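A.B. asks: I have a structure I would like to understand better, so I am pasting it below and will then ask my questions one at a time.
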Amino acid sequence: MMKAPALELSPVYDPSQIESPLYRRWESAGYFRADARSAREPYVIVIPPPNVTGVLHMGHALNNTLQDLLIRWQRMRGRAALWVPGTDHAGIATQNVVERQLAQEGKSRWDLGREAFEQRVWSWVQETGGVILEQLKALGCSCDWSRARFTLEPQLSRAVREVFVRLYEKGLVYRGRYMIHWCPRCLTALSDEEVEHQEVQGKLYYLRYPLEGGPGQVVVATTRPETMLGDTAVAVHRDDERYRGLIGRTARLPLAERVIPIIADESVDPAFGTGAVKVTPAHDPSDFRIAQRHGLPEVDVMNPDGTMGAGAPPAFQGLDRFEARKAVLHALSGRGLVERVQDHVHAVGHCYRCAAVVEPRLSEQWFVRMAPLAAPALQVYRDGIVRFVPERWGGVYAHWLENIRDWCISRQLWWGHRIPVWYCDACGHQTVSRTDPASCEGCGRAELRQDPDVLDTWFSSWLWPFSVFGWPEDSEDLRTFYPTHTLVTGSEIIFFWVARMIMAGLEFMGDVPFRDVYINGTVRDHLGRRMSKSLGNGIDPLEVIGLFGADALRYTAISKAATGVDIHLNYQNLGEAFAPGRNFTNKIWNAARFALPHITGDDVPRLEPGMPLEFGDRWILSRLNAAVRDVTDALSRYRFHDAAGAGYRFFWGELCDWYLELAKPRLYGDATAESRAAARAALRTAFDGAMKILHPVLPFVTEEIWLRLPHRAAESLVVAAWPEPDPAWDDARAEAHMAALQEVVSAVRAIRAEYNVAPGEGLEVWIRGAGDDVRAALAQAGAEARRLAGVARWSFDHGAERKEGATAVLSSGAEVFVSLRGVIDLTRERARLDAKVGEIEGRLRTAESRLGDPAFVERAPAEVVERERERAKALREQFQTLARKREALG
């Protein structure tokens with residue numbers, strides 16, 4: 001049980017003294033754990049597992065804050081809320097980290113060997129792999145840490161093997177030699193989704209291939225001249241008149257000195273380059289398909305590391321591909337075979353992990369046949385079973401599924417799930433097994449060789465929503481917590497992860513893994529750029545937490561996270577970037593320091609039916625009802641920023657700015673005992689409700705304050721009941737009267753500020769044409785309104801026409817007139833306004849003169865003329881306003 005803290009709050013809010021102790025108490029109390037045997041309805045989120053190599057960045061901070069908000073809200077609503085944490089083994093990324101460490105020692109993974117290298121990676125993961133999960137705790141994430149999972153742990157490895165074997169047995173996993181994306185830096189195949197295409201300013205090279213039997217030549221255009229060494233044909237379109245006479249002839253491939261055919265193929269675009277294209281089947285996917293149609297040979301001229309291989313002429317072997325490009329061009333130029341070179345912008349694929357330019361490469365790889373899995377995943381979206389928020393991302397999801405290609409799942413790495421396939425060199429049999437086989441299924445020999453490749457990292461991640469609960473075992477957790485409910489993730493992994501999880505859930509569990517997919521925005525800097533290490537524009541969430549606290553970060557992120565909108569933060573000025581959250585947490589703290597002495601102690605009454613509440617009490621309780629409804633509705637629609645905004649407006653804009661000010665005299669004893677008791681009860685109730693609706697957003701500061709309130713029905717806000725509106729508190733009349741009072745007070749305050757009236761100066765105010773709401777409000781709270789507005793006397797309708805002063809018009813049409821005679825130096829103010837009116841009048845005359853000049857209007861650029869018209873309009877409005885103010889002063 002949580003022990004209540006000392007009642008008195010420190011003068012200054014210091015989150016460093018509050019957040020860590022509170023989190024430890026929450027953990028030790030077991031509030032974050034979910035029980036599969038609970039009678040409560042479950043609500044489940046599985047975390048998008050961050051890479052085990054990762055550290056917390058602002059994208060993580062936003063994404064996980066939104067997940068935590070949902071989990072805390074649903075837990076307070078009485079559900080068995082479970083948030084499953086974990087990390088991804090991140091094959092390429094993790095292997096790269098350890099290989100860089102070895103390189104610093106002058107070694108490579110080949111020096112260690114596979115087994116020793118894997119042990120080295122495991123040691124690194126065990127030492128540093130949990131860092132990001134500890135960082136999530138600093139953010140306040142209320143995960144069930146007892147259920148933390150790792151995608152390479154034994155249970156999840158078993159699930160991976162089970163899925164591979166089942167898909168293989170159904171004919172959905174196959175091995176084939178196809179054109180794939182290859183990273184020469186990571187030395188592995190990549191899936192389509194792991195290649196990031198970037199627009200680059202390159203060159204288009206026009207190369208001459210001499211015709212066999214002369215005379216003449218055919219000119220081809222290419223962006224990768226080094227691959228011409230592997231050409232096995234030149235292709236043109238059958239209907240291209242320029243080349244009709246060349247189809248069926250042959251050309252001599254320069255440098256390689258091979259004779260290659262000139263063929264016709266429908267895929268050739270006559271408008272690209274010269275209309276004749278080089279065909280390099282081993283190094284281009286389109287060319288590979290042309291070669292298959294025409295029975296062309298494949299000549300591989302490049303090694304896996306991007307150097308030129310044995311298929312290239314000896315002069316180029318061993319050269320890096322980009323050095324080979326220069327050498328090829330130099331050699332061709334020396335023979336007069338480069339016709340021209342022109343600038344050319346085109347999309348170039350880069351490895352998503354190391355940013356190296358990828359190479360199309362013919363390779364023997366393992367694939368998943370995706371079309372049979374994609375069809376039901378597309379149907380559940382069309383049927384509304386799975387929905388995306390914002391909806392536009394559903395269209396992106398559907399488009400990808402409608403155009404899906406087979407998934408290359410093998411990776412030439414050592415860190416990851418080893419492909420469960422064994423080869424028998426004696427008989428050639430291939431064994432696919434859930435467990436390591438002792439002997440060959442074909443001939444019985446024990447000498448088996450396991451496939452050296454590992455599976456794509458996403459092959460384990462797509463099983464995450466059910467593998468974390470023990471699948472393929474029929475566990476109690478699996479029966480209780482699958483399917484989950486909401487997935488919160490970024491748009492960049494809709495293809496990598498979201499779509500594949502839906503496919504896997506339908507295929508292996510018979511149900512979708514979640515119903516709602518919320519796609520959060522991207523965190524950008526104040527210039528609109530994505531935050532990245534290369535730009536140096538990132539923000540370290542732990543630094544922000546150290547400076548302002550986790551609550552300040554959370555509130556700032558959520559308040560900016562409008563649905564479907566990216567958030568922008570100034571990395572150069574953290575104080576400015578996180579001012580919304582810092583200011584709000586300080587306001588909550590300071591308001592609590594004022595309120596708590598009045599609403600703590602054994603004598604604080606409970607709010608009971610029939611208690612004689614005053615006008616302000618009825619209003620704040622009615623507004624609490626509205627706030628609860630607004631926050632609940634916003635959260636149910638994933639409008640997180642609206643939920644944060646509704647809580648903010650209630651606490652700061654209504655409870656602090658108005659109710660506390662109205663109630664102060666009563667709280668300090670300037671009223672009957674009955675009135676003070678009602679104010680204390682209403683304030684305690686309002687504070688209790690405010691802390692509850694703000695808790696999912698600001699868990700630490702709200703908990704620290706709420707634990708000091710009397711009459712708590714739970715030992716922690718984490719497990720307290722979410723508030724429900726009390727219909728007895730709804731009071732439309734009190735709200736209408738209060739709105740009228742607020743408008744009158746605000747109007748008087750605005751006039752005071754405009755004329756710089758001294759704070760202690762009591763004003764005479766007349767209200768002309770006041771409606772029933774204004775009169776009722778001032779009848780009920782006239783003294784409070786006078787104090788709030790600094791008014792000495794209110795009057796209705798009479799005397800205003802005989803005084804010098806200022807007027808404000810209310811929304812109802814009523815006029816508030818404030819007498820300024822004897823309050824300010826009218827002579828001096830008249831002189832100031834006369835001078836200002838004269839200045840504006842002169843500027844207006846100049847602007848109108850320019851607009852009246854036909855030469856200006858006809859000759860000046862249209863935007864200049866329009867800007868001058870807007871300027872004249874603004875000056876005219878300013879002149880009229882100042883003239884009215886001057887007239888009111890006599």
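Please note that chains go A, B, ... in the order of the structure tokens, that every chain numbers its residues from 1, and that ligands are numbered from 1 in the order shown.
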Running DSSP on the backbone, which parts of segment 237-418 of chain A land in strand (DSSP E or B), as a ChimeraX atom specification?
C.D. replies: /A:250-253,258-264,277-279,302,307-308,320,338-351,357,359-368,387-389,407-408,410-411,418
A.B. asks: So that I can check the secondary structure, give me every residue of segment 611-759 of chain A assigned alpha helix (DSSP H) by backbone DSSP, as a PyMOL selection string.
C.D. replies: chain A and resi 615-636+640-648+661-667+673-694+699-706+732-754
A.B. asks: Which residues come within 9 Å of Val121 of chain A, counting only C-alpha atoms, excluding same-chain residues fewer than 4 positions away, as a VMD selection string?
C.D. replies: chain A and resid 94 to 95 97 to 98 116 to 117 125 to 126 415
A.B. asks: Grab the residues selected above and save them as a compact mmCIF listing (two decimals), in the first residue's frame with all heavy atoms.
C.D. replies:
```txt
# COMPACT_ATOMS: atom_id res chain seq x y z
N THR A 94 22.21 -4.74 -35.00
CA THR A 94 23.01 -5.26 -33.88
C THR A 94 24.32 -5.85 -34.37
O THR A 94 25.38 -5.63 -33.78
CB THR A 94 22.20 -6.31 -33.11
OG1 THR A 94 20.94 -5.75 -32.72
CG2 THR A 94 22.93 -6.78 -31.88
N GLN A 95 24.27 -6.61 -35.46
CA GLN A 95 25.50 -7.18 -36.00
C GLN A 95 26.47 -6.08 -36.41
O GLN A 95 27.67 -6.19 -36.17
CB GLN A 95 25.19 -8.08 -37.19
CG GLN A 95 26.45 -8.69 -37.80
CD GLN A 95 26.18 -9.95 -38.59
OE1 GLN A 95 25.38 -10.80 -38.18
NE2 GLN A 95 26.84 -10.10 -39.72
N VAL A 97 26.80 -3.12 -35.06
CA VAL A 97 27.40 -2.52 -33.87
C VAL A 97 28.58 -3.36 -33.39
O VAL A 97 29.67 -2.83 -33.12
CB VAL A 97 26.35 -2.38 -32.74
CG1 VAL A 97 27.03 -2.04 -31.41
CG2 VAL A 97 25.33 -1.31 -33.08
N VAL A 98 28.37 -4.66 -33.30
CA VAL A 98 29.44 -5.53 -32.79
C VAL A 98 30.58 -5.64 -33.79
O VAL A 98 31.76 -5.68 -33.41
CB VAL A 98 28.87 -6.91 -32.42
CG1 VAL A 98 29.97 -7.84 -31.94
CG2 VAL A 98 27.79 -6.76 -31.34
N ALA A 116 31.61 -18.10 -31.95
CA ALA A 116 32.22 -17.12 -31.05
C ALA A 116 31.64 -15.73 -31.29
O ALA A 116 31.45 -14.95 -30.35
CB ALA A 116 33.73 -17.11 -31.23
N PHE A 117 31.36 -15.43 -32.57
CA PHE A 117 30.78 -14.12 -32.88
C PHE A 117 29.39 -13.99 -32.26
O PHE A 117 29.04 -12.96 -31.68
CB PHE A 117 30.70 -13.91 -34.39
CG PHE A 117 30.07 -12.59 -34.78
CD1 PHE A 117 30.79 -11.41 -34.70
CD2 PHE A 117 28.75 -12.54 -35.20
CE1 PHE A 117 30.20 -10.20 -35.05
CE2 PHE A 117 28.15 -11.33 -35.55
CZ PHE A 117 28.88 -10.16 -35.48
N VAL A 125 24.47 -7.75 -25.90
CA VAL A 125 23.04 -7.55 -25.68
C VAL A 125 22.70 -7.66 -24.19
O VAL A 125 21.92 -6.85 -23.65
CB VAL A 125 22.23 -8.58 -26.50
CG1 VAL A 125 20.77 -8.62 -26.03
CG2 VAL A 125 22.30 -8.25 -27.98
N GLN A 126 23.29 -8.62 -23.51
CA GLN A 126 23.00 -8.80 -22.08
C GLN A 126 23.54 -7.64 -21.25
O GLN A 126 22.97 -7.30 -20.21
CB GLN A 126 23.59 -10.14 -21.61
CG GLN A 126 22.81 -11.34 -22.12
CD GLN A 126 23.59 -12.64 -22.06
OE1 GLN A 126 24.74 -12.65 -21.63
NE2 GLN A 126 22.97 -13.73 -22.51
N TRP A 415 23.72 -13.03 -36.92
CA TRP A 415 22.90 -12.71 -35.75
C TRP A 415 21.43 -12.74 -36.14
O TRP A 415 20.99 -11.92 -36.94
CB TRP A 415 23.30 -11.35 -35.19
CG TRP A 415 22.42 -10.84 -34.07
CD1 TRP A 415 21.56 -9.79 -34.12
CD2 TRP A 415 22.34 -11.35 -32.74
NE1 TRP A 415 20.93 -9.61 -32.91
CE2 TRP A 415 21.39 -10.56 -32.03
CE3 TRP A 415 22.96 -12.41 -32.07
CZ2 TRP A 415 21.08 -10.78 -30.70
CZ3 TRP A 415 22.63 -12.63 -30.74
CH2 TRP A 415 21.72 -11.83 -30.07
```
A.B. asks: I'd like the contact shell of segment 81-84 of chain A - 8 Å cut-off, only C-alpha atoms, skipping same-chain residues fewer than 3 positions apart - returned as number ranges by chain.
C.D. replies: A: 32-34, 42-47, 71-72, 74-75, 142-145, 147-149, 468
A.B. asks: Grab the atom CA of Arg289 of chain A to atom CA of Thr227 of chain A distance for me, in Å with one decimal place.
C.D. replies: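 Interatomic distance, atom CA of Arg289 of chain A to atom CA of Thr227 of chain A: 16.5 Å.
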A.B. asks: Can you pull out the residues contacting Glu841 of chain A? Cut-off 10 Å, using only C-alpha atoms, and skip same-chain residues under 6 positions away; I want them as a PyMOL selection string.
C.D. replies: chain A and resi 835+847+875-876+878-880
A.B. asks: Can you tell me which residues surround segment 678-694 of chain A at a distance of at most 8 Å, considering only C-alpha atoms, apart from same-chain residues fewer than 4 positions away, and format the answer as number ranges by chain?
C.D. replies: A: 595, 598-599, 604-607, 611-614, 617, 620-621, 624, 628, 631, 644, 647, 650-651, 655, 663, 666-667, 674, 698-699, 702-703, 705-706, 709, 717, 720, 722-723
A.B. asks: Could you pull the residues within 12 Å of Glu476 of chain A, counting only C-alpha atoms, minus those fewer than 5 positions along the same chain, as a ChimeraX atom specification?
C.D. replies: /A:35-38,466,469-471,481-482
A.B. asks: Go through A:Gly59, A:Gly771, A:Gly311, A:Pro609 one by one, measure the shortest atom-to-atom distance of each to Ala814 of chain A using only C-alpha atoms, and give the residue with the smallest value.
C.D. replies: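 Using only C-alpha atoms, the shortest distance to Ala814 of chain A belongs to A:Gly771.
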A.B. asks: Given the choices A:Arg752, A:Thr480, A:Lys587, A:Gly113, which gets closest to Val12 of chain A if the distance is worked out from only C-alpha atoms?
C.D. replies: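 Result for the nearest residue to Val12 of chain A: A:Lys587.
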A.B. asks: May I ask which of the residues A:Asp343, A:Glu226, A:Asp630, A:Glu212 is the closest one to Thr280 of chain A, counting only C-alpha atoms?
C.D. replies: A:Glu226
A.B. asks: With distances taken over only C-alpha atoms, which residue among A:Asp300, A:Pro710, A:Arg175, A:Arg238 lies nearest Gln317 of chain A?
C.D. replies: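 Closest residue, counting only C-alpha atoms: A:Asp300.
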A.B. asks: Could you work out how far atom CA of Asp603 of chain A lies from atom CA of Ala673 of chain A, giving the answer in Å with one decimal?
C.D. replies: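 Spanning atom CA of Ala673 of chain A to atom CA of Asp603 of chain A is a straight-line distance of 11.9 Å.
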A.B. asks: So, with only C-alpha atoms as the atoms that count, which of A:Val259, A:Cys656, A:Ala233, A:Val348 lies closest to Pro297 of chain A?
C.D. replies: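 Looking at the shortest contact to Pro297 of chain A, the residue is A:Ala233.
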A.B. asks: What is the distance between atom CA of Ala732 of chain A and atom CA of Ser622 of chain A, in Å to one decimal?
C.D. replies: 7.8 Å
